[in-house]
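Participant: Input structure: my_file-v1.cif, which contains mmCIF, C-alpha atoms.
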data_coords
loop_
_atom_site.label_atom_id
_atom_site.label_comp_id
_atom_site.auth_asym_id
_atom_site.auth_seq_id
_atom_site.Cartn_x
_atom_site.Cartn_y
_atom_site.Cartn_z
CA MET C 1 0.00 0.00 0.00
CA THR C 2 1.53 3.30 -1.07
CA LYS C 3 1.71 6.21 1.33
CA ARG C 4 -0.58 9.09 0.39
CA LEU C 5 1.29 12.35 -0.15
CA TRP C 6 -0.55 15.39 1.11
CA PRO C 7 -0.20 18.52 -1.06
CA THR C 8 0.90 20.71 1.89
CA ARG C 9 0.78 20.64 5.67
CA TRP C 10 -2.75 20.89 7.00
CA TRP C 11 -1.98 23.66 9.49
CA ALA C 12 -0.44 25.81 6.74
CA GLU C 13 -3.56 25.34 4.62
CA LEU C 14 -5.78 26.20 7.57
CA LEU C 15 -3.78 29.35 8.24
CA LEU C 16 -3.89 30.41 4.58
CA LEU C 17 -7.63 29.86 4.25
CA GLY C 18 -8.24 31.59 7.56
CA LEU C 19 -6.32 34.63 6.36
CA VAL C 20 -8.22 34.69 3.06
CA TYR C 21 -11.56 34.38 4.80
CA GLY C 22 -10.56 37.11 7.25
CA ALA C 23 -9.58 39.37 4.35
CA TYR C 24 -12.87 38.54 2.62
CA SER C 25 -14.98 39.33 5.69
CA GLY C 26 -12.99 42.44 6.60
CA GLY C 27 -12.97 43.62 3.00
CA ARG C 28 -16.73 43.29 2.75
CA LEU C 29 -17.04 45.36 5.91
CA LEU C 30 -14.69 48.08 4.66
CA ALA C 31 -16.28 48.17 1.20
CA ARG C 32 -19.62 49.46 2.44
CA GLY C 33 -19.81 52.16 -0.20
CA ASP C 34 -22.40 54.91 -0.44
CA ALA C 35 -25.95 53.73 0.32
CA GLY C 36 -27.48 55.92 -2.39
CA LEU C 37 -25.01 54.62 -4.96
CA ALA C 38 -25.70 51.03 -3.90
CA VAL C 39 -29.44 51.57 -4.31
CA ASP C 40 -28.88 53.07 -7.77
CA HIS C 41 -26.84 50.03 -8.79
CA GLY C 42 -29.50 47.66 -7.45
CA LEU C 43 -32.27 49.46 -9.32
CA ALA C 44 -30.18 49.47 -12.51
CA ILE C 45 -29.81 45.68 -12.26
CA LEU C 46 -33.52 45.26 -11.58
CA ARG C 47 -34.49 47.43 -14.56
CA ALA C 48 -32.13 45.50 -16.84
CA GLU C 49 -33.74 42.24 -15.70
CA GLU C 50 -37.22 43.63 -16.27
CA LEU C 51 -36.21 44.71 -19.77
CA LEU C 52 -34.85 41.23 -20.49
CA ARG C 53 -37.75 39.54 -18.65
CA ILE C 54 -35.39 37.65 -16.34
CA ASP C 55 -36.48 39.15 -12.99
CA PHE C 56 -37.09 35.67 -11.59
CA GLU C 57 -36.49 36.83 -8.02
CA ARG C 58 -39.90 38.58 -7.79
CA PRO C 59 -42.24 35.53 -8.09
CA LEU C 60 -39.86 33.40 -6.01
CA ASN C 61 -39.77 36.00 -3.24
CA ARG C 62 -43.56 36.25 -3.19
CA LEU C 63 -43.79 32.47 -2.92
CA PHE C 64 -41.24 32.24 -0.10
CA SER C 65 -42.64 35.17 1.86
CA HIS C 66 -46.19 33.74 1.79
CA THR C 67 -45.25 30.08 2.32
CA GLY C 68 -43.47 29.43 5.60
CA PRO C 69 -42.61 25.75 4.88
CA LEU C 70 -40.56 27.03 1.92
CA GLY C 71 -39.32 30.37 3.22
CA ILE C 72 -38.06 29.22 6.64
CA PRO C 73 -35.87 26.33 5.35
CA ALA C 74 -34.60 28.65 2.61
CA ASP C 75 -33.52 31.19 5.25
CA PHE C 76 -31.70 28.49 7.20
CA ALA C 77 -30.01 27.30 4.01
CA TYR C 78 -28.91 30.84 3.13
CA ALA C 79 -27.57 31.49 6.62
CA SER C 80 -25.63 28.24 7.07
CA LEU C 81 -24.80 26.12 4.01
CA HIS C 82 -22.46 28.74 2.56
CA TYR C 83 -20.22 28.36 5.63
CA LEU C 84 -20.57 24.60 6.11
CA VAL C 85 -20.49 22.93 2.69
CA THR C 86 -17.51 24.88 1.31
CA PRO C 87 -15.03 23.93 4.08
CA ALA C 88 -16.40 20.38 4.05
CA VAL C 89 -15.57 20.05 0.34
CA LEU C 90 -12.11 21.53 0.97
CA VAL C 91 -11.38 18.97 3.70
CA TRP C 92 -12.74 16.15 1.51
CA LEU C 93 -10.49 17.16 -1.37
CA TYR C 94 -7.46 17.47 0.90
CA ARG C 95 -7.95 14.01 2.36
CA ARG C 96 -9.46 12.07 -0.53
CA ARG C 97 -8.29 13.84 -3.71
CA PRO C 98 -4.97 15.46 -2.72
CA ALA C 99 -3.75 15.59 -6.34
CA HIS C 100 -6.56 18.06 -7.13
CA TYR C 101 -6.55 20.00 -3.88
CA ARG C 102 -4.06 22.78 -4.63
CA THR C 103 -5.68 23.80 -7.91
CA ALA C 104 -9.13 23.73 -6.31
CA ARG C 105 -7.91 25.85 -3.38
CA THR C 106 -6.27 28.37 -5.70
CA TRP C 107 -9.49 28.51 -7.72
CA LEU C 108 -11.53 29.29 -4.61
CA VAL C 109 -9.10 31.90 -3.29
CA ALA C 110 -8.72 33.71 -6.63
CA SER C 111 -12.49 33.80 -7.20
CA THR C 112 -13.15 35.10 -3.69
CA LEU C 113 -10.67 37.93 -4.14
CA LEU C 114 -12.28 38.81 -7.48
CA GLY C 115 -15.65 38.86 -5.76
CA LEU C 116 -14.27 41.20 -3.11
CA ALA C 117 -13.10 43.54 -5.87
CA GLY C 118 -16.67 43.50 -7.19
CA PHE C 119 -18.01 44.54 -3.78
CA VAL C 120 -15.58 47.46 -3.71
CA LEU C 121 -16.14 48.64 -7.28
CA LEU C 122 -19.88 47.99 -7.50
CA PRO C 123 -21.64 48.29 -4.13
CA THR C 124 -25.13 46.95 -4.77
CA CYS C 125 -28.30 47.07 -2.69
CA PRO C 126 -30.01 43.63 -2.56
CA PRO C 127 -33.72 43.39 -3.41
CA ARG C 128 -34.72 43.01 0.25
CA LEU C 129 -33.40 46.51 1.06
CA LEU C 130 -35.19 48.30 -1.75
CA ASP C 131 -38.24 50.39 -0.99
CA ALA C 132 -41.34 48.27 -0.34
CA SER C 133 -42.96 49.74 -3.45
CA TYR C 134 -40.72 47.47 -5.55
CA GLY C 135 -42.53 44.44 -4.17
CA PHE C 136 -39.83 42.56 -2.24
CA THR C 137 -40.04 41.09 1.27
CA ASP C 138 -37.00 40.48 3.44
CA THR C 139 -37.73 36.88 4.39
CA MET C 140 -34.81 36.80 6.85
CA ALA C 141 -36.51 39.57 8.84
CA HIS C 142 -39.98 38.14 8.20
CA TYR C 143 -39.04 34.76 9.69
CA SER C 144 -36.38 35.99 12.13
CA ALA C 145 -38.23 34.49 15.11
CA TYR C 146 -37.30 31.02 13.79
CA GLY C 147 -33.54 31.58 13.45
CA TRP C 148 -30.50 33.17 15.05
CA TRP C 149 -30.47 36.13 12.69
CA GLY C 150 -32.17 39.48 13.10
CA ALA C 151 -33.26 42.00 10.52
CA GLU C 152 -29.81 42.43 8.95
CA ALA C 153 -29.18 39.51 6.61
CA SER C 154 -27.90 36.28 8.17
CA ALA C 155 -25.76 37.88 10.89
CA PRO C 156 -26.59 36.82 14.46
CA ARG C 157 -28.82 39.23 16.33
CA GLY C 158 -26.91 42.29 17.46
CA LEU C 159 -24.04 41.77 15.02
CA GLY C 160 -25.64 43.23 11.92
CA ALA C 161 -23.36 46.28 12.11
CA LEU C 162 -20.41 43.98 11.39
CA THR C 163 -21.72 43.03 7.95
CA ASN C 164 -21.82 44.83 4.63
CA GLN C 165 -25.44 45.05 3.53
CA TYR C 166 -24.50 46.30 0.05
CA ALA C 167 -22.42 43.37 -1.24
CA ALA C 168 -24.94 41.76 -3.56
CA MET C 169 -22.91 41.77 -6.79
CA PRO C 170 -21.47 39.23 -7.44
CA SER C 171 -23.17 36.54 -5.38
CA LEU C 172 -20.44 34.47 -3.75
CA HIS C 173 -23.16 32.31 -2.22
CA VAL C 174 -23.77 31.15 -5.78
CA GLY C 175 -20.09 31.23 -6.70
CA TRP C 176 -18.95 29.06 -3.81
CA ALA C 177 -21.88 26.68 -4.34
CA LEU C 178 -20.89 26.33 -8.01
CA TRP C 179 -17.30 25.59 -6.94
CA CYS C 180 -18.52 22.89 -4.54
CA GLY C 181 -20.94 21.41 -7.05
CA LEU C 182 -18.48 21.13 -9.91
CA LEU C 183 -15.80 19.51 -7.74
CA VAL C 184 -18.22 17.00 -6.22
CA TRP C 185 -19.63 16.15 -9.65
CA ARG C 186 -16.14 15.77 -11.09
CA HIS C 187 -14.36 13.85 -8.31
CA ALA C 188 -17.02 11.93 -6.34
CA ARG C 189 -17.33 8.25 -7.19
CA ARG C 190 -20.83 7.36 -6.02
CA PRO C 191 -23.56 8.29 -8.51
CA LEU C 192 -25.84 9.68 -5.80
CA VAL C 193 -23.12 11.94 -4.41
CA ARG C 194 -22.18 13.09 -7.89
CA ALA C 195 -25.83 14.00 -8.54
CA LEU C 196 -25.74 16.31 -5.52
CA GLY C 197 -23.03 18.31 -7.29
CA PRO C 198 -25.23 20.17 -9.81
CA ALA C 199 -28.21 20.12 -7.42
CA TYR C 200 -26.45 22.22 -4.77
CA PRO C 201 -25.69 25.33 -6.88
CA ALA C 202 -29.12 25.11 -8.53
CA LEU C 203 -30.77 25.10 -5.10
CA THR C 204 -28.56 27.99 -3.99
CA VAL C 205 -29.64 30.14 -6.94
CA VAL C 206 -33.30 29.58 -6.00
CA VAL C 207 -32.61 30.31 -2.32
CA VAL C 208 -30.71 33.58 -2.82
CA MET C 209 -33.43 34.92 -5.11
CA GLY C 210 -36.38 33.65 -3.10
CA THR C 211 -35.04 35.22 0.10
CA ALA C 212 -34.50 38.53 -1.80
CA ASN C 213 -30.80 38.57 -0.98
CA HIS C 214 -29.71 38.62 -4.62
CA TYR C 215 -30.92 39.42 -8.12
CA PHE C 216 -30.66 36.81 -10.85
CA LEU C 217 -27.83 38.81 -12.43
CA ASP C 218 -25.95 38.63 -9.12
CA ALA C 219 -26.00 34.86 -9.55
CA VAL C 220 -24.68 35.26 -13.09
CA GLY C 221 -21.93 37.51 -11.70
CA GLY C 222 -21.03 34.85 -9.14
CA ALA C 223 -20.66 32.26 -11.89
CA ALA C 224 -18.55 34.71 -13.92
CA VAL C 225 -16.01 35.32 -11.13
CA MET C 226 -15.75 31.56 -10.60
CA GLY C 227 -14.98 31.14 -14.30
CA ALA C 228 -12.28 33.81 -14.12
CA GLY C 229 -10.88 32.22 -10.96
CA LEU C 230 -10.70 28.84 -12.70
CA LEU C 231 -8.65 30.34 -15.54
CA ILE C 232 -6.25 31.85 -13.00
CA ALA C 233 -5.97 28.56 -11.10
CA ARG C 234 -5.17 26.63 -14.28
CA ARG C 235 -2.43 29.08 -15.21
CA VAL C 236 -0.93 28.84 -11.74
CA ALA C 237 -1.08 25.03 -11.90
CA ALA C 238 0.60 24.99 -15.32
CA ARG C 239 3.38 27.25 -14.07
CA ARG C 240 3.85 25.08 -11.00
CA ARG C 241 4.17 21.95 -13.14
CA THR C 242 6.78 23.68 -15.28
CA GLN C 243 8.77 24.66 -12.21
CA GLU C 244 8.57 21.13 -10.85
CA ARG C 245 9.91 19.74 -14.13
CA PHE C 246 12.81 22.17 -13.97
CA SER C 247 13.51 21.20 -10.37
CA ARG C 248 13.79 17.57 -11.50
CA GLY C 249 16.25 18.54 -14.22
CA ALA C 250 13.90 18.52 -17.20
CA GLN C 251 14.15 21.23 -19.83
CA PRO C 252 11.75 22.55 -22.47
CA ALA C 253 12.15 21.02 -25.92
CA ARG C 254 13.75 24.17 -27.33
CA PHE C 255 16.69 23.82 -24.89
CA ARG C 256 17.29 20.07 -25.20
CA GLY C 257 20.61 19.02 -26.65
CA THR C 258 22.32 22.31 -25.80
CA SER C 259 24.20 23.47 -22.76
CA THR C 260 23.29 26.59 -20.87
CA ILE C 261 26.01 28.82 -19.41
CA VAL C 262 25.33 29.53 -15.75
CA SER C 263 28.28 31.66 -14.62
CA GLY C 264 32.03 31.52 -14.46
CA GLY C 265 32.43 28.50 -16.70
CA TRP C 266 29.77 26.49 -14.92
CA ASP C 267 27.22 25.04 -17.27
CA THR C 268 24.72 22.25 -17.45
CA SER C 269 23.39 20.06 -20.21
CA ALA C 270 20.01 18.40 -20.65
CA ARG C 271 21.37 15.17 -19.13
CA GLU C 272 22.75 16.75 -15.95
CA LEU C 273 20.89 17.60 -12.79
CA LEU C 274 23.64 19.90 -11.46
CA PRO C 275 26.01 22.28 -13.27
CA ALA C 276 29.58 21.10 -13.71
CA ARG C 277 32.81 23.09 -14.07
CA ARG C 278 34.38 22.72 -17.52
CA SER C 279 37.54 24.14 -18.95
CA PRO C 280 37.58 25.84 -22.37
CA ALA C 281 39.49 22.82 -23.75
CA GLU C 282 36.69 20.49 -22.63
CA ASP C 283 34.11 22.72 -24.25
CA ASP C 284 36.10 22.68 -27.53
CA ALA C 285 36.36 18.88 -27.39
CA ALA C 286 32.69 18.35 -26.65
CA PRO C 287 30.74 16.99 -29.65
CA ALA C 288 28.40 19.43 -31.35
CA PRO C 289 24.71 18.82 -30.72
CA ARG C 290 22.82 17.05 -33.48
#
Show the structure stored in the file as structure tokens.
Facilitator:
Amino acid sequence: MTKRLWPTRWWAELLLLGLVYGAYSGGRLLARGDAGLAVDHGLAILRAEELLRIDFERPLNRLFSHTGPLGIPADFAYASLHYLVTPAVLVWLYRRRPAHYRTARTWLVASTLLGLAGFVLLPTCPPRLLDASYGFTDTMAHYSAYGWWGAEASAPRGLGALTNQYAAMPSLHVGWALWCGLLVWRHARRPLVRALGPAYPALTVVVVMGTANHYFLDAVGGAAVMGAGLLIARRVAARRRTQERFSRGAQPARFRGTSTIVSGGWDTSARELLPARRSPAEDDAAPAPR
């Protein structure tokens, strides 16, 4: 039985992810933005959806706000799954699919930082904070007696001031759920578990709209930052593989068969792991590459 090689030490990964999550939470708090500007951005998104007839959040929110057996579980899902499923998938990858862990972690970190940039550049008022004349109900406040949250999103009662209420675009609830779903679908072995992969982000899209925490275009924005993060992660992984090949002594095809001068007469060839000292006479006697 071969020994499983972990990608990095677990405590280093925990520290890194803790720092990223701290930066994400602190950044959301600092990027509050102007309330009037955030409302303008939210209304602009809503009008664009109405023009395109994709304002799906309205009928869903009416359904959730008038149907407790749907709205209450949706509020619990919004307030908890985001913070439970994502670390669970990370731990699962680290322990069960270590070969894929580093790229997945880089993907998550890069996408989260891109999402934070979106909060800073485009503060957006969620539907639940718009004037009541626009027809939205804050289900988190409506059903707050059933949960630990108050009237300020999913924050515990009394801690609403520590959250950024105007960080709707992009939706990282949807983004992180998409990350989890794609990895579970790709790397799980049991058919039932794999089927949960696409189901989780689909459910999340319905929940964030039905609870009036996000517009449909926020969900699209969350998927977009995850796509950009995946491209970054793949480039980082490709560069890492190239560096690992160099560390093992491999060279790109364009350098094979030639020697590379290092310094002071020290050079290395494609067949050598370490540079060797050669005299000019040895260099003259060496056969020319074919």
Participant: Could you list, as a PyMOL selection string, every residue matched by the PyMOL selection byres ((chain C and resi 176) around 9) in this structure?
Facilitator: chain C and resi 82+86+108+111-112+171-175+177-181+201+222-223+226
Participant: CA of Asp34 (chain C) and CA of Asn164 (chain C), how far apart in Å?
Facilitator: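 The value is 11.3 Å.
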Participant: Taking the file above as input, evaluate the PyMOL selection byres ((chain C and resi 89) around 10) and report the hits as a ChimeraX atom specification.
Facilitator: /C:84-88,90-95,101,104,179-181,183-184
Participant: For each of C:Ala44, C:Ala117, C:Met140, C:Ala188, take the minimum atom-to-atom distance to Phe76 (chain C), counting all atoms listed in the file, then give the residue where this is smallest.
Facilitator: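 Under the stated criterion, the closest residue is C:Met140.
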Participant: Which is closer to Leu46 (chain C) than all the others in C:Val208, C:Val236, C:Ala167, C:Cys125, using all atoms listed in the file?
Facilitator: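 Among the listed residues, C:Cys125 lies closest to Leu46 (chain C).
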Participant: Point out the residue among C:Gly115, C:Arg239, C:Arg245, C:Trp148 with the least atom-to-atom distance to Gly227 (chain C), counting all atoms listed in the file.
Facilitator: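 With all atoms listed in the file as the atom set, the closest residue is C:Gly115.
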Participant: For Phe216 (chain C), list every protein, DNA or RNA residue within 12 Å, evaluated using all atoms listed in the file, and leave out those in the same chain fewer than 2 positions away; present the list as number ranges by chain.
Facilitator: C: 42, 45-50, 52-61, 126-127, 168-171, 174, 204-214, 218-223
Participant: Do you have the CA of Asp138 (chain C)-CA of Tyr200 (chain C) distance handy?
Facilitator: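 Atom-to-atom, CA of Asp138 (chain C) and CA of Tyr200 (chain C) are spaced 22.6 Å apart.
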Participant: Please tell me which residues are no farther than 9 Å from (-36.4, 29.9, 4.8) in the file, counting only C-alpha atoms, and write them as an MDAnalysis selection string.
Facilitator: chainID C and resid 64:65 68:78 139:140 143 207 210:211
Participant: Which residues are close to Leu37 (chain C), i.e. within 12 Å by only C-alpha atoms, leaving aside same-chain residues fewer than 2 positions away? Reply as a short mmCIF file (atom, residue, chain, number, x, y, z; two decimals) with C-alpha atoms, in the frame of the given file.
Facilitator:
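Saved the output as selection.cif:
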data_model
loop_
_atom_site.label_atom_id
_atom_site.label_comp_id
_atom_site.auth_asym_id
_atom_site.auth_seq_id
_atom_site.Cartn_x
_atom_site.Cartn_y
_atom_site.Cartn_z
CA ARG C 32 -19.62 49.46 2.44
CA GLY C 33 -19.81 52.16 -0.20
CA ASP C 34 -22.40 54.91 -0.44
CA ALA C 35 -25.95 53.73 0.32
CA VAL C 39 -29.44 51.57 -4.31
CA ASP C 40 -28.88 53.07 -7.77
CA HIS C 41 -26.84 50.03 -8.79
CA GLY C 42 -29.50 47.66 -7.45
CA LEU C 43 -32.27 49.46 -9.32
CA ALA C 44 -30.18 49.47 -12.51
CA VAL C 120 -15.58 47.46 -3.71
CA LEU C 121 -16.14 48.64 -7.28
CA LEU C 122 -19.88 47.99 -7.50
CA PRO C 123 -21.64 48.29 -4.13
CA THR C 124 -25.13 46.95 -4.77
CA CYS C 125 -28.30 47.07 -2.69
CA TYR C 166 -24.50 46.30 0.05
#
Participant: Using only C-alpha atoms, pick whichever of C:Ala141, C:Ala38, C:Ala195, C:Leu51 has the shortest atom-to-atom distance to Phe119 (chain C).
Facilitator: C:Ala38
Participant: What separation in Å, quoted to one decimal, exists between CA of Arg102 (chain C) and CA of Leu231 (chain C)?
Facilitator: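 Separation between CA of Arg102 (chain C) and CA of Leu231 (chain C): 14.0 Å.
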Participant: Using only C-alpha atoms for the distances, tell me which of C:Thr242, C:Leu114, C:Gly135, C:Ala237 is nearest to Ala99 (chain C).
Facilitator: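 So, comparing all the options, the nearest one is C:Ala237.
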